[in-house]
>>> print(open('model_38.cif').read())   # mmCIF, N, CA and C atoms and all ligand atoms
data_work
#
loop_
_atom_site.group_PDB
_atom_site.id
_atom_site.type_symbol
_atom_site.label_atom_id
_atom_site.label_comp_id
_atom_site.auth_asym_id
_atom_site.auth_seq_id
_atom_site.Cartn_x
_atom_site.Cartn_y
_atom_site.Cartn_z
ATOM 1 N N MET A 238 -258.682 122.107 -36.335
ATOM 2 C CA MET A 238 -259.547 123.171 -35.815
ATOM 3 C C MET A 238 -259.290 124.459 -36.598
ATOM 4 N N THR A 239 -260.366 125.146 -36.948
ATOM 5 C CA THR A 239 -260.188 126.407 -37.686
ATOM 6 C C THR A 239 -259.843 127.542 -36.721
ATOM 7 N N GLN A 240 -259.349 128.639 -37.268
ATOM 8 C CA GLN A 240 -258.999 129.804 -36.450
ATOM 9 C C GLN A 240 -260.235 130.355 -35.742
ATOM 10 N N ASP A 241 -261.372 130.329 -36.446
ATOM 11 C CA ASP A 241 -262.626 130.802 -35.858
ATOM 12 C C ASP A 241 -263.007 129.977 -34.633
ATOM 13 N N GLU A 242 -262.877 128.660 -34.779
ATOM 14 C CA GLU A 242 -263.210 127.769 -33.665
ATOM 15 C C GLU A 242 -262.284 128.030 -32.478
ATOM 16 N N LEU A 243 -261.019 128.216 -32.792
ATOM 17 C CA LEU A 243 -260.037 128.481 -31.747
ATOM 18 C C LEU A 243 -260.350 129.800 -31.031
ATOM 19 N N ASP A 244 -260.690 130.813 -31.805
ATOM 20 C CA ASP A 244 -261.052 132.108 -31.220
ATOM 21 C C ASP A 244 -262.256 131.983 -30.300
ATOM 22 N N ARG A 245 -263.225 131.180 -30.759
ATOM 23 C CA ARG A 245 -264.444 130.991 -29.978
ATOM 24 C C ARG A 245 -264.126 130.314 -28.638
ATOM 25 N N LEU A 246 -263.257 129.310 -28.693
ATOM 26 C CA LEU A 246 -262.900 128.605 -27.459
ATOM 27 C C LEU A 246 -262.057 129.491 -26.539
ATOM 28 N N ARG A 247 -261.215 130.337 -27.145
ATOM 29 C CA ARG A 247 -260.407 131.238 -26.322
ATOM 30 C C ARG A 247 -261.316 132.204 -25.566
ATOM 31 N N LYS A 248 -262.353 132.711 -26.272
ATOM 32 C CA LYS A 248 -263.307 133.613 -25.627
ATOM 33 C C LYS A 248 -264.015 132.905 -24.470
ATOM 34 N N LYS A 249 -264.401 131.654 -24.699
ATOM 35 C CA LYS A 249 -265.058 130.876 -23.652
ATOM 36 C C LYS A 249 -264.157 130.721 -22.435
ATOM 37 N N LEU A 250 -262.888 130.445 -22.697
ATOM 38 C CA LEU A 250 -261.934 130.258 -21.606
ATOM 39 C C LEU A 250 -261.761 131.547 -20.805
ATOM 40 N N LEU A 251 -261.685 132.670 -21.506
ATOM 41 C CA LEU A 251 -261.512 133.948 -20.820
ATOM 42 C C LEU A 251 -262.731 134.270 -19.957
ATOM 43 N N LEU A 252 -263.909 133.947 -20.498
ATOM 44 C CA LEU A 252 -265.149 134.163 -19.761
ATOM 45 C C LEU A 252 -265.196 133.275 -18.519
ATOM 46 N N LEU A 253 -264.805 132.042 -18.718
ATOM 47 C CA LEU A 253 -264.789 131.066 -17.637
ATOM 48 C C LEU A 253 -263.841 131.523 -16.525
ATOM 49 N N GLU A 254 -262.681 132.026 -16.939
ATOM 50 C CA GLU A 254 -261.692 132.512 -15.981
ATOM 51 C C GLU A 254 -262.281 133.652 -15.146
ATOM 52 N N GLU A 255 -262.997 134.523 -15.828
ATOM 53 C CA GLU A 255 -263.619 135.657 -15.164
ATOM 54 C C GLU A 255 -264.674 135.181 -14.150
ATOM 55 N N GLU A 256 -265.510 134.237 -14.599
ATOM 56 C CA GLU A 256 -266.563 133.704 -13.731
ATOM 57 C C GLU A 256 -265.981 133.058 -12.480
ATOM 58 N N ILE A 257 -264.910 132.307 -12.685
ATOM 59 C CA ILE A 257 -264.295 131.609 -11.553
ATOM 60 C C ILE A 257 -263.695 132.629 -10.577
ATOM 61 N N SER A 258 -262.984 133.611 -11.103
ATOM 62 C CA SER A 258 -262.398 134.648 -10.243
ATOM 63 C C SER A 258 -263.487 135.361 -9.451
ATOM 64 N N ASP A 259 -264.581 135.620 -10.135
ATOM 65 C CA ASP A 259 -265.736 136.261 -9.519
ATOM 66 C C ASP A 259 -266.262 135.425 -8.361
ATOM 67 N N TYR A 260 -266.446 134.131 -8.635
ATOM 68 C CA TYR A 260 -266.967 133.240 -7.603
ATOM 69 C C TYR A 260 -266.009 133.190 -6.417
ATOM 70 N N LEU A 261 -264.722 133.079 -6.712
ATOM 71 C CA LEU A 261 -263.735 132.966 -5.634
ATOM 72 C C LEU A 261 -263.724 134.233 -4.776
ATOM 73 N N ALA A 262 -263.889 135.376 -5.418
ATOM 74 C CA ALA A 262 -263.907 136.630 -4.665
ATOM 75 C C ALA A 262 -265.160 136.711 -3.789
ATOM 76 N N LYS A 263 -266.293 136.336 -4.376
ATOM 77 C CA LYS A 263 -267.568 136.442 -3.651
ATOM 78 C C LYS A 263 -267.683 135.443 -2.515
ATOM 79 N N SER A 264 -267.078 134.264 -2.680
ATOM 80 C CA SER A 264 -267.264 133.204 -1.687
ATOM 81 C C SER A 264 -266.225 133.265 -0.576
ATOM 82 N N GLU A 265 -265.319 134.226 -0.678
ATOM 83 C CA GLU A 265 -264.246 134.303 0.303
ATOM 84 C C GLU A 265 -264.780 134.410 1.729
ATOM 85 N N GLU A 266 -265.814 135.239 1.883
ATOM 86 C CA GLU A 266 -266.376 135.470 3.205
ATOM 87 C C GLU A 266 -267.033 134.205 3.779
ATOM 88 N N SER A 267 -267.831 133.513 2.935
ATOM 89 C CA SER A 267 -268.502 132.307 3.429
ATOM 90 C C SER A 267 -267.524 131.185 3.699
ATOM 91 N N ALA A 268 -266.323 131.273 3.124
ATOM 92 C CA ALA A 268 -265.325 130.231 3.353
ATOM 93 C C ALA A 268 -264.523 130.496 4.619
ATOM 94 N N ALA A 269 -264.616 131.704 5.134
ATOM 95 C CA ALA A 269 -263.876 132.050 6.349
ATOM 96 C C ALA A 269 -264.409 131.232 7.531
ATOM 97 N N ALA A 270 -263.578 131.051 8.530
ATOM 98 C CA ALA A 270 -263.950 130.231 9.677
ATOM 99 C C ALA A 270 -265.230 130.727 10.330
ATOM 100 N N VAL A 271 -266.037 129.778 10.787
ATOM 101 C CA VAL A 271 -267.259 130.140 11.513
ATOM 102 C C VAL A 271 -266.856 130.632 12.900
ATOM 103 N N GLU A 272 -267.199 131.866 13.174
ATOM 104 C CA GLU A 272 -266.820 132.455 14.463
ATOM 105 C C GLU A 272 -267.592 131.781 15.599
ATOM 106 N N PRO A 273 -266.912 131.461 16.687
ATOM 107 C CA PRO A 273 -267.605 130.802 17.790
ATOM 108 C C PRO A 273 -268.593 131.723 18.497
ATOM 109 N N ASP A 274 -268.383 133.026 18.395
ATOM 110 C CA ASP A 274 -269.246 133.958 19.133
ATOM 111 C C ASP A 274 -270.188 134.694 18.201
ATOM 112 N N LYS A 275 -270.701 133.989 17.191
ATOM 113 C CA LYS A 275 -271.600 134.656 16.252
ATOM 114 C C LYS A 275 -273.019 134.726 16.803
ATOM 115 N N GLY A 276 -273.207 134.215 18.030
ATOM 116 C CA GLY A 276 -274.542 134.243 18.611
ATOM 117 C C GLY A 276 -275.453 133.190 18.022
ATOM 118 N N LEU A 277 -274.858 132.166 17.384
ATOM 119 C CA LEU A 277 -275.652 131.083 16.823
ATOM 120 C C LEU A 277 -275.873 130.014 17.881
ATOM 121 N N GLY A 278 -277.019 129.343 17.816
ATOM 122 C CA GLY A 278 -277.241 128.195 18.678
ATOM 123 C C GLY A 278 -276.340 127.062 18.237
ATOM 124 N N ARG A 279 -276.309 125.983 19.022
ATOM 125 C CA ARG A 279 -275.420 124.883 18.696
ATOM 126 C C ARG A 279 -275.770 124.262 17.336
ATOM 127 N N LEU A 280 -277.076 124.100 17.090
ATOM 128 C CA LEU A 280 -277.522 123.450 15.867
ATOM 129 C C LEU A 280 -277.219 124.302 14.628
ATOM 130 N N SER A 281 -277.546 125.599 14.709
ATOM 131 C CA SER A 281 -277.315 126.440 13.539
ATOM 132 C C SER A 281 -275.813 126.637 13.314
ATOM 133 N N ARG A 282 -275.053 126.499 14.403
ATOM 134 C CA ARG A 282 -273.607 126.582 14.243
ATOM 135 C C ARG A 282 -273.102 125.388 13.430
ATOM 136 N N MET A 283 -273.693 124.200 13.722
ATOM 137 C CA MET A 283 -273.316 123.024 12.948
ATOM 138 C C MET A 283 -273.710 123.188 11.487
ATOM 139 N N GLU A 284 -274.883 123.755 11.268
ATOM 140 C CA GLU A 284 -275.317 123.994 9.890
ATOM 141 C C GLU A 284 -274.384 124.967 9.190
ATOM 142 N N ALA A 285 -274.006 125.999 9.915
ATOM 143 C CA ALA A 285 -273.102 126.986 9.336
ATOM 144 C C ALA A 285 -271.777 126.338 8.948
ATOM 145 N N MET A 286 -271.324 125.383 9.793
ATOM 146 C CA MET A 286 -270.057 124.715 9.498
ATOM 147 C C MET A 286 -270.189 123.779 8.302
ATOM 148 N N GLN A 287 -271.370 123.138 8.172
ATOM 149 C CA GLN A 287 -271.592 122.281 7.003
ATOM 150 C C GLN A 287 -271.610 123.112 5.729
ATOM 151 N N ASP A 288 -272.293 124.251 5.794
ATOM 152 C CA ASP A 288 -272.310 125.154 4.640
ATOM 153 C C ASP A 288 -270.893 125.561 4.271
ATOM 154 N N GLN A 289 -270.131 125.858 5.313
ATOM 155 C CA GLN A 289 -268.760 126.299 5.089
ATOM 156 C C GLN A 289 -267.950 125.203 4.388
ATOM 157 N N GLN A 290 -268.165 123.946 4.830
ATOM 158 C CA GLN A 290 -267.454 122.833 4.192
ATOM 159 C C GLN A 290 -267.799 122.731 2.716
ATOM 160 N N MET A 291 -269.084 122.951 2.395
ATOM 161 C CA MET A 291 -269.507 122.881 0.996
ATOM 162 C C MET A 291 -268.854 123.983 0.177
ATOM 163 N N VAL A 292 -268.816 125.171 0.755
ATOM 164 C CA VAL A 292 -268.188 126.291 0.052
ATOM 165 C C VAL A 292 -266.704 126.008 -0.156
ATOM 166 N N LEU A 293 -266.054 125.471 0.879
ATOM 167 C CA LEU A 293 -264.626 125.188 0.774
ATOM 168 C C LEU A 293 -264.343 124.167 -0.325
ATOM 169 N N GLU A 294 -265.207 123.130 -0.368
ATOM 170 C CA GLU A 294 -265.019 122.086 -1.377
ATOM 171 C C GLU A 294 -265.221 122.655 -2.783
ATOM 172 N N LEU A 295 -266.265 123.468 -2.936
ATOM 173 C CA LEU A 295 -266.529 124.073 -4.241
ATOM 174 C C LEU A 295 -265.383 124.997 -4.644
ATOM 175 N N ARG A 296 -264.868 125.749 -3.678
ATOM 176 C CA ARG A 296 -263.743 126.646 -3.961
ATOM 177 C C ARG A 296 -262.514 125.871 -4.409
ATOM 178 N N ARG A 297 -262.279 124.709 -3.756
ATOM 179 C CA ARG A 297 -261.146 123.870 -4.168
ATOM 180 C C ARG A 297 -261.293 123.467 -5.631
ATOM 181 N N ARG A 298 -262.532 123.033 -5.982
ATOM 182 C CA ARG A 298 -262.778 122.606 -7.363
ATOM 183 C C ARG A 298 -262.594 123.759 -8.343
ATOM 184 N N LYS A 299 -263.112 124.936 -7.954
ATOM 185 C CA LYS A 299 -263.027 126.110 -8.834
ATOM 186 C C LYS A 299 -261.578 126.542 -9.024
ATOM 187 N N LYS A 300 -260.798 126.439 -7.941
ATOM 188 C CA LYS A 300 -259.390 126.832 -8.046
ATOM 189 C C LYS A 300 -258.640 125.911 -9.001
ATOM 190 N N ARG A 301 -258.960 124.612 -8.927
ATOM 191 C CA ARG A 301 -258.329 123.645 -9.817
ATOM 192 C C ARG A 301 -258.725 123.951 -11.267
ATOM 193 N N GLN A 302 -260.028 124.240 -11.431
ATOM 194 C CA GLN A 302 -260.524 124.542 -12.771
ATOM 195 C C GLN A 302 -259.854 125.809 -13.318
ATOM 196 N N LYS A 303 -259.611 126.770 -12.418
ATOM 197 C CA LYS A 303 -258.978 128.015 -12.849
ATOM 198 C C LYS A 303 -257.563 127.744 -13.374
ATOM 199 N N LEU A 304 -256.857 126.840 -12.703
ATOM 200 C CA LEU A 304 -255.521 126.452 -13.170
ATOM 201 C C LEU A 304 -255.598 125.790 -14.545
ATOM 202 N N GLU A 305 -256.610 124.931 -14.704
ATOM 203 C CA GLU A 305 -256.786 124.249 -15.986
ATOM 204 C C GLU A 305 -257.090 125.242 -17.099
ATOM 205 N N VAL A 306 -257.904 126.250 -16.758
ATOM 206 C CA VAL A 306 -258.237 127.279 -17.746
ATOM 207 C C VAL A 306 -256.977 128.056 -18.131
ATOM 208 N N ALA A 307 -256.179 128.441 -17.126
ATOM 209 C CA ALA A 307 -254.938 129.174 -17.390
ATOM 210 C C ALA A 307 -253.996 128.333 -18.254
ATOM 211 N N ASN A 308 -253.953 127.045 -17.952
ATOM 212 C CA ASN A 308 -253.158 126.098 -18.720
ATOM 213 C C ASN A 308 -253.599 126.045 -20.173
ATOM 214 N N ALA A 309 -254.908 125.942 -20.361
ATOM 215 C CA ALA A 309 -255.471 125.857 -21.710
ATOM 216 C C ALA A 309 -255.138 127.121 -22.494
ATOM 217 N N LEU A 310 -255.236 128.289 -21.828
ATOM 218 C CA LEU A 310 -254.927 129.546 -22.505
ATOM 219 C C LEU A 310 -253.456 129.601 -22.922
ATOM 220 N N SER A 311 -252.577 129.075 -22.077
ATOM 221 C CA SER A 311 -251.160 129.103 -22.452
ATOM 222 C C SER A 311 -250.872 128.085 -23.561
ATOM 223 N N ARG A 312 -251.675 127.006 -23.592
ATOM 224 C CA ARG A 312 -251.508 126.055 -24.709
ATOM 225 C C ARG A 312 -251.968 126.675 -26.027
ATOM 226 N N ILE A 313 -252.983 127.533 -25.947
ATOM 227 C CA ILE A 313 -253.409 128.239 -27.162
ATOM 228 C C ILE A 313 -252.255 129.107 -27.671
ATOM 229 N N GLU A 314 -251.602 129.824 -26.737
ATOM 230 C CA GLU A 314 -250.470 130.679 -27.109
ATOM 231 C C GLU A 314 -249.370 129.875 -27.801
ATOM 232 N N LYS A 315 -249.141 128.664 -27.277
ATOM 233 C CA LYS A 315 -248.058 127.826 -27.810
ATOM 234 C C LYS A 315 -248.487 127.042 -29.043
ATOM 235 N N GLY A 316 -249.760 127.158 -29.399
ATOM 236 C CA GLY A 316 -250.259 126.405 -30.542
ATOM 237 C C GLY A 316 -250.428 124.932 -30.251
ATOM 238 N N ALA A 317 -250.517 124.588 -28.965
ATOM 239 C CA ALA A 317 -250.631 123.172 -28.591
ATOM 240 C C ALA A 317 -252.020 122.856 -28.047
ATOM 241 N N TYR A 318 -252.951 123.765 -28.245
ATOM 242 C CA TYR A 318 -254.284 123.583 -27.682
ATOM 243 C C TYR A 318 -255.082 122.546 -28.471
ATOM 244 N N GLY A 319 -255.906 121.769 -27.737
ATOM 245 C CA GLY A 319 -256.793 120.815 -28.392
ATOM 246 C C GLY A 319 -256.129 119.485 -28.705
ATOM 247 N N ILE A 320 -254.914 119.302 -28.161
ATOM 248 C CA ILE A 320 -254.200 118.044 -28.342
ATOM 249 C C ILE A 320 -254.253 117.283 -27.019
ATOM 250 N N CYS A 321 -254.655 116.019 -27.066
ATOM 251 C CA CYS A 321 -254.731 115.215 -25.854
ATOM 252 C C CYS A 321 -253.340 115.064 -25.235
ATOM 253 N N SER A 322 -253.260 115.332 -23.917
ATOM 254 C CA SER A 322 -251.944 115.304 -23.288
ATOM 255 C C SER A 322 -251.461 113.877 -23.030
ATOM 256 N N PHE A 323 -252.338 112.880 -23.207
ATOM 257 C CA PHE A 323 -251.906 111.488 -23.031
ATOM 258 C C PHE A 323 -251.517 110.834 -24.352
ATOM 259 N N CYS A 324 -252.465 110.869 -25.317
ATOM 260 C CA CYS A 324 -252.206 110.119 -26.553
ATOM 261 C C CYS A 324 -251.739 111.005 -27.706
ATOM 262 N N GLY A 325 -251.821 112.344 -27.523
ATOM 263 C CA GLY A 325 -251.334 113.234 -28.561
ATOM 264 C C GLY A 325 -252.260 113.416 -29.739
ATOM 265 N N LYS A 326 -253.435 112.810 -29.684
ATOM 266 C CA LYS A 326 -254.406 113.002 -30.768
ATOM 267 C C LYS A 326 -255.226 114.256 -30.514
ATOM 268 N N GLY A 327 -255.858 114.747 -31.563
ATOM 269 C CA GLY A 327 -256.695 115.927 -31.428
ATOM 270 C C GLY A 327 -257.933 115.624 -30.589
ATOM 271 N N ILE A 328 -258.351 116.582 -29.772
ATOM 272 C CA ILE A 328 -259.568 116.432 -28.971
ATOM 273 C C ILE A 328 -260.740 116.937 -29.812
ATOM 274 N N ALA A 329 -261.856 116.190 -29.809
ATOM 275 C CA ALA A 329 -263.019 116.558 -30.617
ATOM 276 C C ALA A 329 -263.504 117.965 -30.264
ATOM 277 N N PHE A 330 -263.884 118.732 -31.292
ATOM 278 C CA PHE A 330 -264.310 120.107 -31.053
ATOM 279 C C PHE A 330 -265.520 120.175 -30.116
ATOM 280 N N ASP A 331 -266.462 119.233 -30.284
ATOM 281 C CA ASP A 331 -267.652 119.215 -29.431
ATOM 282 C C ASP A 331 -267.285 119.117 -27.962
ATOM 283 N N ARG A 332 -266.272 118.313 -27.684
ATOM 284 C CA ARG A 332 -265.820 118.148 -26.307
ATOM 285 C C ARG A 332 -265.195 119.444 -25.787
ATOM 286 N N LEU A 333 -264.376 120.066 -26.603
ATOM 287 C CA LEU A 333 -263.749 121.332 -26.215
ATOM 288 C C LEU A 333 -264.792 122.436 -26.069
ATOM 289 N N ASP A 334 -265.812 122.358 -26.922
ATOM 290 C CA ASP A 334 -266.858 123.365 -26.879
ATOM 291 C C ASP A 334 -267.615 123.284 -25.552
ATOM 292 N N ALA A 335 -267.815 122.064 -25.063
ATOM 293 C CA ALA A 335 -268.527 121.862 -23.803
ATOM 294 C C ALA A 335 -267.619 122.128 -22.601
ATOM 295 N N PHE A 336 -266.372 121.646 -22.687
ATOM 296 C CA PHE A 336 -265.399 121.818 -21.585
ATOM 297 C C PHE A 336 -264.090 122.348 -22.166
ATOM 298 N N PRO A 337 -264.015 123.651 -22.410
ATOM 299 C CA PRO A 337 -262.840 124.174 -23.118
ATOM 300 C C PRO A 337 -261.521 123.984 -22.376
ATOM 301 N N GLU A 338 -261.576 123.658 -21.065
ATOM 302 C CA GLU A 338 -260.332 123.534 -20.308
ATOM 303 C C GLU A 338 -259.765 122.109 -20.299
ATOM 304 N N VAL A 339 -260.479 121.146 -20.916
ATOM 305 C CA VAL A 339 -259.993 119.759 -20.841
ATOM 306 C C VAL A 339 -258.657 119.585 -21.571
ATOM 307 N N GLN A 340 -257.866 118.633 -21.075
ATOM 308 C CA GLN A 340 -256.549 118.376 -21.669
ATOM 309 C C GLN A 340 -256.470 116.991 -22.289
ATOM 310 N N THR A 341 -257.561 116.217 -22.175
ATOM 311 C CA THR A 341 -257.519 114.848 -22.687
ATOM 312 C C THR A 341 -258.696 114.579 -23.599
ATOM 313 N N CYS A 342 -258.518 113.626 -24.516
ATOM 314 C CA CYS A 342 -259.615 113.229 -25.380
ATOM 315 C C CYS A 342 -260.573 112.305 -24.591
ATOM 316 N N VAL A 343 -261.708 111.978 -25.189
ATOM 317 C CA VAL A 343 -262.707 111.154 -24.489
ATOM 318 C C VAL A 343 -262.101 109.798 -24.091
ATOM 319 N N ALA A 344 -261.327 109.217 -24.982
ATOM 320 C CA ALA A 344 -260.759 107.896 -24.729
ATOM 321 C C ALA A 344 -259.821 107.887 -23.531
ATOM 322 N N CYS A 345 -259.088 108.986 -23.313
ATOM 323 C CA CYS A 345 -258.094 109.035 -22.237
ATOM 324 C C CYS A 345 -258.657 109.649 -20.943
ATOM 325 N N ALA A 346 -259.856 110.212 -20.995
ATOM 326 C CA ALA A 346 -260.411 110.912 -19.818
ATOM 327 C C ALA A 346 -260.710 109.927 -18.686
HETATM 328 ZN ZN ZN B 401 -256.142 110.806 -25.688
#
>>> encode(input="model_38.cif", output="structure tokens")
Amino acid sequence: MTQDELDRLRKKLLLLEEEISDYLAKSEESAAAVEPDKGLGRLSRMEAMQDQQMVLELRRRKKRQKLEVANALSRIEKGAYGICSFCGKGIAFDRLDAFPEVQTCVACA
């Protein structure tokens, strides 16, 4: 991988980190418990709880992705970025370009 390519992926990772932090901050309220006295009917209360479950699940995924992004950034610092963590081979640039936080090559994914 060239230095330019690495710089480009680092920028993507930083942007991704920002987006995820943004989402986590914005979704905090919708992830909070559905208050029993919100004046909702029984049905809309169930809907509100389903929405909440979806937000919680998405937040879980985003939090995991945020860890992966942080991991990838520290691998860049160590000069170990773009190496598959299973087989030790280089990860294709196209794959990193699409998912800069991945730690495995296509074969090991
Ligand atoms: Zn591999």
>>> closest_atom_pairs(input="model_38.cif", of="chain A", to="ligand ZN 401 (chain B)", cutoff="6.5 Å", atoms="only N, CA and C atoms and all ligand atoms", output="tab-separated table")
residue	atom	partner	partner_atom	distance
A:Cys321	CA	B:ZN401	ZN	4.6
A:Ser322	N	B:ZN401	ZN	5.7
A:Phe323	C	B:ZN401	ZN	4.8
A:Cys324	N	B:ZN401	ZN	3.7
A:Gly325	N	B:ZN401	ZN	4.9
A:Lys326	N	B:ZN401	ZN	5.2
A:Thr341	C	B:ZN401	ZN	5.0
A:Cys342	N	B:ZN401	ZN	3.9
A:Val343	N	B:ZN401	ZN	5.7
A:Ala344	C	B:ZN401	ZN	5.2
A:Cys345	N	B:ZN401	ZN	4.2
A:Ala346	N	B:ZN401	ZN	6.0
>>> axis_aligned_box(input="model_38.cif", around="region 303-317 of chain A", padding_each_side="3 Å", output="JSON")
{"center_x": -253.8, "center_y": 126.8, "center_z": -21.5, "size_x": 17.6, "size_y": 13.8, "size_z": 24.1}
>>> residues_around(input="model_38.cif", residues="Gly319 (chain A)", least_positions_apart="6", cutoff="8 Å", atoms="only N, CA and C atoms", output="ChimeraX atom specification")
/A:309,312-313,325-330,333,339-342
>>> closest_residue(input="model_38.cif", among="A:Ala285, A:Leu293, A:Glu305, A:Leu251", to="Ala268 (chain A)", atoms="all atoms listed in the file")
A:Leu293
>>> select_by_dssp(input="model_38.cif", residues="chain A", states="helix (DSSP H, G or I)", output="MDAnalysis selection string")
chainID A and resid 240:263 265:268 279:315 330:335
>>> atom_distance(input="model_38.cif", atom1="CA of Ile320 (chain A)", atom2="atom N of Lys303 (chain A)")
18.9 Å
>>> atom_distance(input="model_38.cif", atom1="CA of Ala307 (chain A)", atom2="atom N of Arg332 (chain A)")
18.8 Å
>>> atom_distance(input="model_38.cif", atom1="CA of Gln290 (chain A)", atom2="CA of Glu272 (chain A)")
14.1 Å
>>> closest_residue(input="model_38.cif", among="A:Ala335, A:Leu250, A:Met286, A:Ala269", to="Asn308 (chain A)", atoms="only C-alpha atoms")
A:Leu250
>>> closest_residue(input="model_38.cif", among="A:Ala270, A:Leu252, A:Leu280, A:Leu261", to="Lys300 (chain A)", atoms="all atoms listed in the file")
A:Leu261
>>> closest_residue(input="model_38.cif", among="A:Leu304, A:Val292, A:Arg298, A:Phe336", to="Ser267 (chain A)", atoms="all atoms listed in the file")
A:Val292
